[in-house]
$ cat target38.cif   # mmCIF, C-alpha atoms
data_coords
loop_
_atom_site.label_atom_id
_atom_site.label_comp_id
_atom_site.auth_asym_id
_atom_site.auth_seq_id
_atom_site.Cartn_x
_atom_site.Cartn_y
_atom_site.Cartn_z
CA MET A 120 -32.58 15.44 -50.76
CA SER A 121 -30.51 13.83 -53.52
CA PHE A 122 -26.96 12.53 -53.09
CA VAL A 123 -25.59 15.47 -55.09
CA GLU A 124 -27.36 17.95 -52.81
CA ILE A 125 -26.08 16.18 -49.69
CA ALA A 126 -22.52 16.16 -51.07
CA ALA A 127 -22.74 19.85 -52.01
CA THR A 128 -24.06 20.74 -48.54
CA VAL A 129 -21.28 18.83 -46.80
CA LEU A 130 -18.66 20.46 -49.03
CA ALA A 131 -20.11 23.93 -48.41
CA VAL A 132 -20.07 23.37 -44.62
CA ILE A 133 -16.43 22.20 -44.76
CA ILE A 134 -15.40 25.24 -46.80
CA PHE A 135 -17.30 27.62 -44.52
CA CYS A 136 -15.64 26.11 -41.44
CA GLY A 137 -12.30 26.44 -43.23
CA SER A 138 -12.93 30.13 -43.78
CA LEU A 139 -13.76 30.55 -40.08
CA PHE A 140 -10.45 28.85 -39.26
CA ASP A 141 -8.64 31.37 -41.50
CA TRP A 142 -10.20 34.22 -39.50
CA PHE A 143 -9.11 32.50 -36.29
CA ILE A 144 -5.52 32.40 -37.61
CA HIS A 145 -5.73 36.14 -38.32
CA ALA A 146 -6.95 36.85 -34.79
CA LEU A 147 -4.31 34.58 -33.23
CA ALA A 148 -1.48 36.23 -35.16
CA LEU A 149 -2.68 39.73 -34.27
CA SER A 150 -3.08 38.99 -30.57
CA PHE A 151 0.27 37.22 -30.27
CA GLY A 152 2.03 39.92 -32.29
CA ILE A 153 0.67 42.69 -30.05
CA ARG A 154 1.72 40.81 -26.89
CA HIS A 155 5.12 39.58 -28.04
CA LEU A 156 6.76 41.71 -30.72
CA TYR A 157 9.04 44.51 -29.47
CA LYS A 158 8.32 43.53 -25.88
CA LYS A 159 10.81 45.21 -23.56
CA ILE A 160 13.36 42.74 -22.21
CA GLU A 161 14.44 43.31 -18.62
CA LEU A 162 17.53 41.47 -17.41
CA SER A 163 18.96 41.60 -13.93
CA PRO A 164 22.22 43.62 -13.85
CA ASP A 165 23.80 40.74 -11.90
CA GLU A 166 22.75 38.12 -14.46
CA GLU A 167 25.69 36.58 -16.31
CA LEU A 168 24.94 36.15 -20.00
CA PRO A 169 26.31 33.02 -21.71
CA GLY A 170 28.91 33.23 -24.44
CA VAL A 171 27.56 32.90 -27.98
CA SER A 172 29.27 31.50 -31.09
CA ILE A 173 27.87 33.16 -34.22
CA ILE A 174 28.19 31.09 -37.40
CA LYS A 175 28.00 33.09 -40.63
CA PRO A 176 28.04 30.89 -43.79
CA LEU A 177 28.92 33.03 -46.81
CA THR A 178 28.79 32.54 -50.57
CA GLY A 179 29.71 35.46 -52.81
CA VAL A 180 29.24 39.18 -52.32
CA ASP A 181 26.32 41.55 -52.76
CA PRO A 182 26.30 45.37 -52.35
CA HIS A 183 25.13 45.20 -48.71
CA LEU A 184 27.32 42.32 -47.51
CA LYS A 185 29.97 44.43 -45.76
CA SER A 186 27.47 46.68 -43.98
CA ASN A 187 25.41 43.64 -42.92
CA LEU A 188 28.43 41.77 -41.53
CA GLU A 189 29.71 44.89 -39.80
CA THR A 190 26.62 45.00 -37.58
CA PHE A 191 27.82 41.76 -35.96
CA PHE A 192 31.08 43.42 -34.98
CA LYS A 193 29.09 46.13 -33.16
CA LEU A 194 26.83 43.95 -31.01
CA ASN A 195 26.19 45.20 -27.49
CA TYR A 196 26.91 41.81 -25.93
CA PRO A 197 29.66 40.93 -23.43
CA LYS A 198 31.01 37.63 -24.78
CA TYR A 199 30.71 36.28 -28.30
CA GLU A 200 32.74 35.07 -31.26
CA ILE A 201 32.02 35.27 -35.01
CA LEU A 202 32.87 32.25 -37.14
CA PHE A 203 32.73 33.02 -40.86
CA SER A 204 32.84 30.20 -43.38
CA VAL A 205 33.24 30.20 -47.16
CA GLN A 206 33.31 27.26 -49.54
CA SER A 207 36.44 28.01 -51.57
CA GLU A 208 39.61 30.12 -51.59
CA ASP A 209 38.44 32.17 -54.58
CA ASP A 210 35.24 33.39 -52.90
CA PRO A 211 35.20 37.23 -52.97
CA ALA A 212 33.59 37.29 -49.52
CA ILE A 213 37.01 36.44 -48.07
CA LEU A 214 38.32 39.96 -48.77
CA VAL A 215 35.28 41.51 -47.09
CA VAL A 216 35.66 39.36 -43.98
CA LYS A 217 39.42 39.97 -43.69
CA SER A 218 38.96 43.74 -43.95
CA LEU A 219 36.36 43.68 -41.14
CA ILE A 220 38.54 41.49 -38.93
CA GLU A 221 41.39 43.98 -39.39
CA SER A 222 39.07 46.94 -38.65
CA TYR A 223 37.75 45.36 -35.42
CA PRO A 224 40.76 43.61 -33.81
CA LYS A 225 39.06 43.42 -30.39
CA VAL A 226 36.24 41.22 -31.73
CA ASP A 227 36.91 37.48 -31.58
CA ALA A 228 36.44 36.46 -35.23
CA LYS A 229 37.76 33.63 -37.40
CA LEU A 230 37.40 32.69 -41.06
CA PHE A 231 37.06 29.07 -42.22
CA ILE A 232 37.84 28.34 -45.87
CA GLY A 233 36.61 25.08 -47.38
CA ILE A 234 33.73 22.74 -46.64
CA GLN A 235 33.11 19.32 -45.15
CA ILE A 236 30.62 17.29 -47.16
CA VAL A 237 28.01 15.66 -44.92
CA GLY A 238 25.12 15.64 -47.39
CA PRO A 239 23.54 17.52 -50.29
CA ASN A 240 22.79 20.68 -48.23
CA GLY A 241 25.53 23.18 -49.14
CA LYS A 242 24.74 25.51 -46.24
CA VAL A 243 25.17 22.73 -43.68
CA ASN A 244 28.39 21.59 -45.38
CA ASN A 245 29.65 25.15 -45.05
CA MET A 246 28.82 25.30 -41.32
CA VAL A 247 30.06 21.95 -40.01
CA LYS A 248 33.66 22.99 -39.28
CA PRO A 249 32.84 26.28 -37.52
CA TYR A 250 30.13 24.43 -35.56
CA GLU A 251 32.69 21.87 -34.36
CA ALA A 252 35.20 24.63 -33.54
CA ALA A 253 32.72 26.85 -31.64
CA LYS A 254 33.87 27.58 -28.09
CA TYR A 255 30.42 28.36 -26.63
CA ASP A 256 27.37 26.17 -26.11
CA ALA A 257 24.94 28.79 -27.43
CA ILE A 258 25.12 28.82 -31.24
CA LEU A 259 23.62 31.54 -33.43
CA ILE A 260 23.23 30.56 -37.08
CA SER A 261 22.81 33.71 -39.15
CA ASP A 262 22.54 34.10 -42.93
CA SER A 263 24.76 36.53 -44.80
CA GLY A 264 21.89 38.88 -45.66
CA ILE A 265 20.88 39.58 -42.04
CA LYS A 266 21.40 43.06 -40.58
CA MET A 267 21.60 42.75 -36.78
CA GLY A 268 20.59 45.37 -34.23
CA GLU A 269 23.04 46.10 -31.40
CA GLY A 270 20.74 44.67 -28.74
CA THR A 271 19.17 41.84 -30.74
CA LEU A 272 21.53 39.11 -29.53
CA THR A 273 20.71 40.03 -25.92
CA GLU A 274 17.00 39.77 -26.76
CA MET A 275 17.48 36.32 -28.28
CA VAL A 276 19.52 35.05 -25.31
CA ALA A 277 16.83 36.38 -22.94
CA GLU A 278 14.33 34.02 -24.61
CA LEU A 279 16.69 31.03 -24.19
CA SER A 280 15.27 29.80 -20.87
CA PRO A 281 16.24 26.40 -19.36
CA SER A 282 13.15 24.86 -20.99
CA THR A 283 13.86 26.43 -24.39
CA GLY A 284 16.24 24.72 -26.80
CA MET A 285 15.98 27.12 -29.73
CA VAL A 286 15.04 30.76 -30.34
CA LEU A 287 14.02 31.97 -33.80
CA GLN A 288 13.72 35.40 -35.32
CA MET A 289 10.64 35.99 -37.43
CA PRO A 290 11.83 36.91 -40.94
CA PHE A 291 11.21 40.47 -42.10
CA VAL A 292 12.93 42.88 -44.52
CA CYS A 293 14.77 46.18 -44.22
CA THR A 294 13.25 49.16 -46.01
CA ARG A 295 15.07 49.67 -49.32
CA LYS A 296 14.48 51.58 -52.52
CA GLY A 297 12.04 50.47 -55.20
CA PHE A 298 8.68 48.74 -55.45
CA ALA A 299 10.30 45.28 -55.27
CA SER A 300 11.31 46.09 -51.69
CA VAL A 301 7.74 47.17 -50.86
CA TYR A 302 6.39 43.96 -52.37
CA GLU A 303 8.82 41.85 -50.36
CA GLN A 304 8.08 43.71 -47.13
CA VAL A 305 4.34 43.32 -47.59
CA TYR A 306 4.72 39.55 -48.02
CA PHE A 307 6.86 39.12 -44.90
CA GLY A 308 4.72 41.52 -42.88
CA THR A 309 1.40 39.84 -43.76
CA MET A 310 1.33 36.26 -45.09
CA GLN A 311 4.63 35.15 -43.57
CA ALA A 312 4.06 37.01 -40.28
CA ARG A 313 0.54 35.59 -39.94
CA ASN A 314 1.80 32.02 -40.31
CA CYS A 315 4.85 32.53 -38.09
CA LEU A 316 3.08 34.34 -35.24
CA SER A 317 0.03 32.06 -35.13
CA ALA A 318 2.20 28.92 -35.27
CA ASN A 319 4.48 30.11 -32.46
CA ALA A 320 1.46 31.13 -30.38
CA VAL A 321 0.31 27.49 -30.21
CA GLY A 322 3.68 25.73 -30.44
CA VAL A 323 3.50 24.52 -34.06
CA ASN A 324 6.79 24.10 -35.93
CA CYS A 325 7.16 27.02 -38.34
CA SER A 326 10.94 27.39 -38.24
CA THR A 327 13.09 29.53 -40.50
CA GLY A 328 16.84 29.18 -40.14
CA MET A 329 18.01 32.56 -41.41
CA SER A 330 18.58 33.68 -37.80
CA CYS A 331 18.23 31.16 -34.98
CA LEU A 332 19.89 30.63 -31.60
CA LEU A 333 20.17 27.07 -30.29
CA ARG A 334 21.80 24.99 -27.58
CA ARG A 335 24.59 22.87 -28.99
CA ASP A 336 24.25 20.19 -26.30
CA VAL A 337 20.59 19.73 -27.25
CA LEU A 338 21.35 19.52 -30.98
CA ASP A 339 24.25 17.14 -30.35
CA LYS A 340 21.85 14.74 -28.62
CA ALA A 341 19.85 14.74 -31.86
CA GLY A 342 22.91 13.85 -33.96
CA GLY A 343 24.63 17.22 -34.27
CA LEU A 344 24.50 19.66 -37.16
CA ALA A 345 26.00 17.22 -39.67
CA GLU A 346 22.98 14.92 -39.24
CA TYR A 347 20.81 17.49 -41.05
CA GLY A 348 22.90 17.83 -44.21
CA LYS A 349 20.55 15.33 -45.86
CA TYR A 350 17.70 17.86 -45.75
CA LEU A 351 17.41 21.09 -47.73
CA ALA A 352 15.15 22.62 -45.05
CA GLU A 353 17.52 21.75 -42.21
CA ASP A 354 16.00 24.46 -39.98
CA TYR A 355 12.60 22.75 -39.86
CA PHE A 356 14.05 19.34 -38.95
CA ILE A 357 16.46 20.77 -36.35
CA ALA A 358 13.54 22.53 -34.64
CA ASP A 359 11.49 19.32 -34.83
CA ALA A 360 14.32 17.32 -33.21
CA ILE A 361 14.64 19.89 -30.43
CA ARG A 362 10.90 19.76 -29.73
CA LYS A 363 10.95 15.96 -29.60
CA GLN A 364 13.43 16.19 -26.72
CA GLY A 365 10.86 18.15 -24.72
CA TYR A 366 12.30 21.63 -25.28
CA LYS A 367 10.33 24.63 -26.48
CA VAL A 368 11.19 26.71 -29.54
CA GLY A 369 10.86 30.39 -28.68
CA LEU A 370 10.46 33.50 -30.80
CA CYS A 371 12.62 36.59 -30.41
CA THR A 372 10.76 39.83 -29.79
CA THR A 373 12.59 41.49 -32.70
CA PRO A 374 12.25 40.25 -36.31
CA ALA A 375 15.25 39.22 -38.43
CA MET A 376 16.00 42.06 -40.83
CA GLN A 377 16.97 40.77 -44.27
CA ASN A 378 19.01 43.31 -46.20
CA CYS A 379 20.01 41.72 -49.49
CA GLY A 380 21.55 44.16 -51.96
CA GLN A 381 20.24 42.40 -55.06
CA TYR A 382 16.51 41.89 -55.35
CA SER A 383 13.61 42.04 -57.81
CA ILE A 384 10.04 40.77 -57.94
CA GLY A 385 11.14 37.92 -60.23
CA GLN A 386 13.93 36.86 -57.86
CA PHE A 387 11.54 37.01 -54.94
CA HIS A 388 8.98 34.85 -56.77
CA ASP A 389 11.73 32.27 -57.34
CA ARG A 390 12.29 32.19 -53.56
CA LEU A 391 8.56 31.80 -52.92
CA VAL A 392 8.32 28.92 -55.40
CA ARG A 393 11.30 27.19 -53.77
CA TRP A 394 9.86 27.63 -50.26
CA ALA A 395 6.42 26.37 -51.32
CA TYR A 396 7.93 23.28 -52.93
CA LEU A 397 9.98 22.63 -49.78
CA ARG A 398 6.95 22.94 -47.51
CA MET A 399 4.82 20.64 -49.60
CA SER A 400 7.52 17.99 -49.90
CA MET A 401 7.83 17.93 -46.09
CA LEU A 402 4.08 18.16 -45.39
CA PRO A 403 2.07 16.87 -48.39
CA THR A 404 -1.23 17.90 -46.76
CA LEU A 405 -0.25 21.50 -47.55
CA ILE A 406 -0.89 20.76 -51.23
CA ILE A 407 -4.59 21.15 -50.37
CA LEU A 408 -4.45 23.31 -47.26
CA GLU A 409 -2.04 26.04 -48.35
CA PRO A 410 -4.14 27.38 -51.26
CA LEU A 411 -7.10 27.61 -48.87
CA SER A 412 -5.07 29.90 -46.60
CA GLU A 413 -4.77 32.47 -49.41
CA CYS A 414 -7.18 35.39 -49.54
CA MET A 415 -8.43 35.14 -53.12
CA VAL A 416 -8.68 31.36 -53.31
CA MET A 417 -10.55 31.04 -50.02
CA GLY A 418 -12.65 34.07 -50.92
CA ILE A 419 -13.92 32.39 -54.09
CA PHE A 420 -14.72 29.08 -52.38
CA ALA A 421 -16.23 30.71 -49.29
CA SER A 422 -18.44 32.97 -51.43
CA TRP A 423 -19.96 29.94 -53.13
CA ALA A 424 -20.41 28.18 -49.76
CA VAL A 425 -22.15 31.19 -48.18
CA GLN A 426 -24.46 31.61 -51.17
CA TYR A 427 -25.31 27.91 -51.16
CA LEU A 428 -25.88 27.66 -47.39
CA PHE A 429 -27.38 31.06 -46.57
CA ASP A 430 -28.55 32.41 -49.94
CA PHE A 431 -26.27 35.44 -49.46
CA SER A 432 -24.86 37.28 -52.50
CA ALA A 433 -21.62 35.55 -53.54
CA MET A 434 -20.18 38.78 -54.99
CA GLY A 435 -21.12 40.77 -51.91
CA TYR A 436 -19.53 38.22 -49.59
CA PHE A 437 -16.36 38.06 -51.72
CA LEU A 438 -15.90 41.84 -51.58
CA LEU A 439 -16.46 41.86 -47.80
CA HIS A 440 -14.04 38.96 -47.44
CA VAL A 441 -11.27 40.73 -49.39
CA LEU A 442 -11.84 44.04 -47.57
CA LEU A 443 -11.69 42.48 -44.09
CA TRP A 444 -8.62 40.40 -45.03
CA PHE A 445 -6.89 43.54 -46.30
CA LEU A 446 -7.67 45.54 -43.15
CA LEU A 447 -6.43 42.76 -40.86
CA ASP A 448 -3.24 42.43 -42.93
CA TYR A 449 -2.72 46.19 -42.75
CA ILE A 450 -3.02 46.11 -38.95
CA LEU A 451 -0.67 43.12 -38.77
CA PHE A 452 1.89 44.88 -40.95
CA ARG A 453 1.85 47.88 -38.62
CA ILE A 454 2.43 45.56 -35.66
CA VAL A 455 5.37 43.86 -37.40
CA MET A 456 6.84 47.23 -38.36
CA GLY A 457 6.49 48.47 -34.81
CA GLY A 458 5.25 51.79 -36.15
CA PRO A 459 3.92 53.56 -39.26
CA LEU A 460 4.33 52.37 -42.84
CA PRO A 461 7.73 53.16 -44.41
CA PHE A 462 5.92 53.88 -47.68
CA SER A 463 2.52 55.22 -48.78
CA LYS A 464 -0.79 53.46 -48.12
CA PHE A 465 -1.34 53.33 -51.88
CA GLU A 466 1.92 51.40 -52.36
CA PHE A 467 0.85 49.00 -49.62
CA LEU A 468 -2.51 48.46 -51.37
CA VAL A 469 -0.92 47.82 -54.77
CA ALA A 470 1.73 45.46 -53.34
CA TRP A 471 -0.88 43.61 -51.27
CA LEU A 472 -3.24 43.14 -54.23
CA LEU A 473 -0.38 42.01 -56.47
CA ARG A 474 0.82 39.44 -53.93
CA GLU A 475 -2.64 38.07 -53.23
CA THR A 476 -3.61 37.76 -56.89
CA LEU A 477 -0.27 36.18 -57.86
CA SER A 478 -0.24 33.60 -55.03
CA PRO A 479 -2.05 30.94 -57.17
CA TYR A 480 0.60 31.50 -59.87
CA VAL A 481 3.39 30.89 -57.33
CA LEU A 482 1.71 27.71 -56.05
CA PHE A 483 1.16 26.49 -59.63
CA ASN A 484 4.85 26.96 -60.44
CA CYS A 485 5.94 25.00 -57.39
CA HIS A 486 4.06 21.97 -58.81
CA LYS A 487 5.33 22.50 -62.36
CA ASN A 488 8.98 21.67 -61.64
CA GLN A 489 10.33 18.60 -59.89
CA THR A 490 13.59 20.24 -58.81
CA VAL A 491 14.63 23.15 -56.58
CA THR A 492 17.37 25.55 -57.66
CA TRP A 493 19.33 26.98 -54.73
CA ARG A 494 22.74 28.68 -54.91
CA SER A 495 23.05 27.66 -58.61
CA LYS A 496 22.57 23.97 -57.74
CA LYS A 497 19.54 21.83 -58.55
CA TYR A 498 18.04 19.47 -55.98
CA ARG A 499 15.33 16.85 -56.29
CA LEU A 500 13.19 16.55 -53.17
CA LYS A 501 11.64 13.36 -51.81
CA TRP A 502 8.53 13.08 -49.68
CA GLY A 503 9.46 13.78 -46.09
CA GLY A 504 12.00 16.48 -46.93
CA LEU A 505 14.99 14.35 -47.95
CA VAL A 506 16.94 15.69 -50.90
CA ASP A 507 18.99 14.27 -53.76
CA GLU A 508 21.75 16.17 -55.51
CA PRO A 509 23.42 14.99 -58.76
CA GLN A 510 26.90 14.92 -57.22
CA VAL A 511 28.11 14.54 -53.65
CA GLN A 512 31.88 15.03 -53.38
CA PRO A 513 34.21 13.56 -50.76
CA GLN A 514 35.28 15.55 -47.72
CA LYS A 515 37.51 18.58 -48.39
CA THR A 516 40.22 20.07 -46.19
CA VAL A 517 39.21 23.15 -44.20
CA SER A 518 41.68 25.90 -43.33
CA VAL A 519 41.23 28.55 -40.65
CA VAL A 520 42.31 32.18 -41.00
#

$ encode --input "target38.cif" --output "structure tokens"
Amino acid sequence: MSFVEIAATVLAVIIFCGSLFDWFIHALALSFGIRHLYKKIELSPDEELPGVSIIKPLTGVDPHLKSNLETFFKLNYPKYEILFSVQSEDDPAILVVKSLIESYPKVDAKLFIGIQIVGPNGKVNNMVKPYEAAKYDAILISDSGIKMGEGTLTEMVAELSPSTGMVLQMPFVCTRKGFASVYEQVYFGTMQARNCLSANAVGVNCSTGMSCLLRRDVLDKAGGLAEYGKYLAEDYFIADAIRKQGYKVGLCTTPAMQNCGQYSIGQFHDRLVRWAYLRMSMLPTLIILEPLSECMVMGIFASWAVQYLFDFSAMGYFLLHVLLWFLLDYILFRIVMGGPLPFSKFEFLVAWLLRETLSPYVLFNCHKNQTVTWRSKKYRLKWGGLVDEPQVQPQKTVSVV
């Protein structure tokens, strides 16, 4: 056997084993999703729930902002406060927050205007003052686009055991009008859910900070919130710091429901490109591994490997590969939904095929640019997740309303 044949055989075996690992990830996500998602939480009636400080960093207004924020005023939870924060006095979100505070006078809510610069991360800068002013040890960080269920905070607190330092919500999307919403839901209910569920099943860091509950005393031991203003993906590094202290990072039984009022396929692709660039700057090995976790890319490579090793039809294997991947994603989506599809099976098929075929395009675009645009600002990422921003201003005064 020549050197070329030996090299080709070794490569084919590696690719085939990689494809088996992808199927293992599918199975792990499905099994964990069935066992964990929407699991009924039973609390003792005598159990005293801890107070929770909810930090809501806001920037601007979209059509669903008021209805999203209002869900936090209606939480079925005995003791909590809501700490809103905006960056400047001319932010239109201020009027929305003030109207809700007036409509719900019995809810403990405050508005912080202005930021404290601790690094390039604008979200962290916007949260530092409310974090320092929070009266409770349990801190919920929640993005402006999250729509919260009445019992969701109770479910998150129930997961915050003495050995758990942080509880995440798996990101998902509310059902909205238009195909762009279907496309977004299919992504979060398949690719994103598969990664999140399988990672949490084995204790791998796969943190998303759009809705997370954490212990302030644990984070303070790791430097406090301000320490993570130097990262753009502060959620990942906060979770990593909590794990290094010996605490677990749990997953809430209910997903985080994103309900942004402005969305399109193009806008969503921009988010995917930004996230991919962030992941690969933090974990450079994903430059090779992430494409191989995509259906079409792995299907092409695995088809060649199977034909080379077993003399099986490459086209036949590719079609079987895509069909099985689709069926497993369909089952996973149903698990994440907790019920039937909110749209037709045909729409699911079209959205799934579009996402899978466009994934190489998204990954290509994340390598094409050397900067990330987020909230109208451009950031240059360094290996390891550190971030540079063109201008870092001195600390600004923060007022409380």

$ atom_distance --input "target38.cif" --atom1 "CA of Ala228 (chain A)" --atom2 "CA of Ser204 (chain A)"
10.9 Å

$ resolve_selection --input "target38.cif" --expression "the PyMOL selection byres ((chain A and resi 215) around 12)" --output "CSV table (one decimal) with C-alpha atoms, in the coordinates of the input"
chain,number,residue,atom,x,y,z
A,177,LEU,CA,28.9,33.0,-46.8
A,178,THR,CA,28.8,32.5,-50.6
A,179,GLY,CA,29.7,35.5,-52.8
A,180,VAL,CA,29.2,39.2,-52.3
A,181,ASP,CA,26.3,41.6,-52.8
A,182,PRO,CA,26.3,45.4,-52.4
A,183,HIS,CA,25.1,45.2,-48.7
A,184,LEU,CA,27.3,42.3,-47.5
A,185,LYS,CA,30.0,44.4,-45.8
A,186,SER,CA,27.5,46.7,-44.0
A,187,ASN,CA,25.4,43.6,-42.9
A,188,LEU,CA,28.4,41.8,-41.5
A,189,GLU,CA,29.7,44.9,-39.8
A,203,PHE,CA,32.7,33.0,-40.9
A,205,VAL,CA,33.2,30.2,-47.2
A,210,ASP,CA,35.2,33.4,-52.9
A,211,PRO,CA,35.2,37.2,-53.0
A,212,ALA,CA,33.6,37.3,-49.5
A,213,ILE,CA,37.0,36.4,-48.1
A,214,LEU,CA,38.3,40.0,-48.8
A,216,VAL,CA,35.7,39.4,-44.0
A,217,LYS,CA,39.4,40.0,-43.7
A,218,SER,CA,39.0,43.7,-44.0
A,219,LEU,CA,36.4,43.7,-41.1
A,220,ILE,CA,38.5,41.5,-38.9
A,221,GLU,CA,41.4,44.0,-39.4
A,222,SER,CA,39.1,46.9,-38.6
A,230,LEU,CA,37.4,32.7,-41.1
A,263,SER,CA,24.8,36.5,-44.8

$ resolve_selection --input "target38.cif" --expression "the PyMOL selection byres ((chain A and resi 290) around 10)" --output "JSON, numbers by chain"
{"A": [265, 287, 288, 289, 291, 292, 304, 307, 308, 311, 312, 315, 326, 327, 328, 329, 330, 373, 374, 375, 376, 377]}

$ write_last_selection --input "target38.cif" --atoms "C-alpha atoms" --output "CSV table (one decimal), in the coordinates of the input"
chain,number,residue,atom,x,y,z
A,265,ILE,CA,20.9,39.6,-42.0
A,287,LEU,CA,14.0,32.0,-33.8
A,288,GLN,CA,13.7,35.4,-35.3
A,289,MET,CA,10.6,36.0,-37.4
A,291,PHE,CA,11.2,40.5,-42.1
A,292,VAL,CA,12.9,42.9,-44.5
A,304,GLN,CA,8.1,43.7,-47.1
A,307,PHE,CA,6.9,39.1,-44.9
A,308,GLY,CA,4.7,41.5,-42.9
A,311,GLN,CA,4.6,35.2,-43.6
A,312,ALA,CA,4.1,37.0,-40.3
A,315,CYS,CA,4.8,32.5,-38.1
A,326,SER,CA,10.9,27.4,-38.2
A,327,THR,CA,13.1,29.5,-40.5
A,328,GLY,CA,16.8,29.2,-40.1
A,329,MET,CA,18.0,32.6,-41.4
A,330,SER,CA,18.6,33.7,-37.8
A,373,THR,CA,12.6,41.5,-32.7
A,374,PRO,CA,12.2,40.2,-36.3
A,375,ALA,CA,15.2,39.2,-38.4
A,376,MET,CA,16.0,42.1,-40.8
A,377,GLN,CA,17.0,40.8,-44.3

$ closest_residue --input "target38.cif" --among "A:Lys158, A:Ala424, A:Met267, A:Arg335" --to "Leu139 (chain A)" --atoms "all atoms listed in the file"
A:Ala424

$ closest_residue --input "target38.cif" --among "A:Ala253, A:Met456, A:Ile236, A:Val441" --to "Gly348 (chain A)" --atoms "all atoms listed in the file"
A:Ile236

$ axis_aligned_box --input "target38.cif" --around "region 390-404 of chain A" --padding-each-side "3 Å" --output "AutoDock Vina command-line options"
--center_x 5.5 --center_y 24.5 --center_z -50.4 --size_x 19.5 --size_y 21.3 --size_z 16.0

$ closest_residue --input "target38.cif" --among "A:Cys293, A:Met399, A:Leu332, A:Ala358" --to "Val305 (chain A)" --atoms "all atoms listed in the file"
A:Cys293

$ atom_distance --input "target38.cif" --atom1 "CA of Ser317 (chain A)" --atom2 "CA of Leu147 (chain A)"
5.4 Å

$ atom_distance --input "target38.cif" --atom1 "CA of Leu344 (chain A)" --atom2 "CA of Lys248 (chain A)"
10.0 Å

$ closest_atom_pairs --input "target38.cif" --of "region 359-414 of chain A" --to "region 463-486 of chain A" --cutoff "10 Å" --atoms "all atoms listed in the file" --output "Markdown table"
| residue | atom | partner | partner_atom | distance |
| --- | --- | --- | --- | --- |
| A:His388 | CA | A:Val481 | CA | 6.9 |
| A:Asp389 | CA | A:Val481 | CA | 8.5 |
| A:Arg390 | CA | A:Val481 | CA | 9.8 |
| A:Leu391 | CA | A:Val481 | CA | 6.9 |
| A:Val392 | CA | A:Cys485 | CA | 5.0 |
| A:Arg393 | CA | A:Cys485 | CA | 6.8 |
| A:Trp394 | CA | A:Cys485 | CA | 8.6 |
| A:Ala395 | CA | A:Cys485 | CA | 6.2 |
| A:Tyr396 | CA | A:Cys485 | CA | 5.2 |
| A:Leu397 | CA | A:Cys485 | CA | 8.9 |
| A:Met399 | CA | A:Cys485 | CA | 9.0 |
| A:Ile406 | CA | A:Leu482 | CA | 8.8 |
| A:Glu409 | CA | A:Leu482 | CA | 8.7 |
| A:Pro410 | CA | A:Pro479 | CA | 7.2 |
| A:Glu413 | CA | A:Glu475 | CA | 7.1 |
| A:Cys414 | CA | A:Glu475 | CA | 6.4 |

$ resolve_selection --input "target38.cif" --expression "the PyMOL selection byres ((chain A and resi 351) around 8)" --output "number ranges by chain"
A: 239-240, 348-350, 352-353, 397, 504-506

$ residues_around --input "target38.cif" --residues "Ser138 (chain A)" --least-positions-apart "5" --cutoff "12 Å" --atoms "only C-alpha atoms" --output "list in words"
Ala131, Val132, Ile133, Phe143, Ile144, His145, Leu408, Pro410, Leu411, Ser412, Glu413, Cys414, Met415, Val416, Met417, Gly418, Ile419, Phe420, Ala421, Ser422, Trp423, Ala424, Val425, Tyr436, Phe437, His440 and Trp444 of chain A

$ write_last_selection --input "target38.cif" --atoms "C-alpha atoms" --output "short mmCIF file (atom, residue, chain, number, x, y, z; two decimals), keeping the file's coordinate frame"
data_model
loop_
_atom_site.label_atom_id
_atom_site.label_comp_id
_atom_site.auth_asym_id
_atom_site.auth_seq_id
_atom_site.Cartn_x
_atom_site.Cartn_y
_atom_site.Cartn_z
CA ALA A 131 -20.11 23.93 -48.41
CA VAL A 132 -20.07 23.37 -44.62
CA ILE A 133 -16.43 22.20 -44.76
CA PHE A 143 -9.11 32.50 -36.29
CA ILE A 144 -5.52 32.40 -37.61
CA HIS A 145 -5.73 36.14 -38.32
CA LEU A 408 -4.45 23.31 -47.26
CA PRO A 410 -4.14 27.38 -51.26
CA LEU A 411 -7.10 27.61 -48.87
CA SER A 412 -5.07 29.90 -46.60
CA GLU A 413 -4.77 32.47 -49.41
CA CYS A 414 -7.18 35.39 -49.54
CA MET A 415 -8.43 35.14 -53.12
CA VAL A 416 -8.68 31.36 -53.31
CA MET A 417 -10.55 31.04 -50.02
CA GLY A 418 -12.65 34.07 -50.92
CA ILE A 419 -13.92 32.39 -54.09
CA PHE A 420 -14.72 29.08 -52.38
CA ALA A 421 -16.23 30.71 -49.29
CA SER A 422 -18.44 32.97 -51.43
CA TRP A 423 -19.96 29.94 -53.13
CA ALA A 424 -20.41 28.18 -49.76
CA VAL A 425 -22.15 31.19 -48.18
CA TYR A 436 -19.53 38.22 -49.59
CA PHE A 437 -16.36 38.06 -51.72
CA HIS A 440 -14.04 38.96 -47.44
CA TRP A 444 -8.62 40.40 -45.03
#

$ residues_around --input "target38.cif" --residues "Ala299 (chain A)" --least-positions-apart "6" --cutoff "9 Å" --atoms "all atoms listed in the file" --output "PyMOL selection string"
chain A and resi 382-385+387+470

$ residues_around --input "target38.cif" --residues "Tyr199 (chain A)" --least-positions-apart "2" --cutoff "8 Å" --atoms "all atoms listed in the file" --output "list in words"
Gly170, Val171, Ser172, Ile173, Tyr196, Pro197, Ile201 and Asp227 of chain A

$ write_last_selection --input "target38.cif" --atoms "C-alpha atoms" --output "compact mmCIF listing (two decimals), keeping the file's coordinate frame"
# COMPACT_ATOMS: atom_id res chain seq x y z
CA GLY A 170 28.91 33.23 -24.44
CA VAL A 171 27.56 32.90 -27.98
CA SER A 172 29.27 31.50 -31.09
CA ILE A 173 27.87 33.16 -34.22
CA TYR A 196 26.91 41.81 -25.93
CA PRO A 197 29.66 40.93 -23.43
CA ILE A 201 32.02 35.27 -35.01
CA ASP A 227 36.91 37.48 -31.58
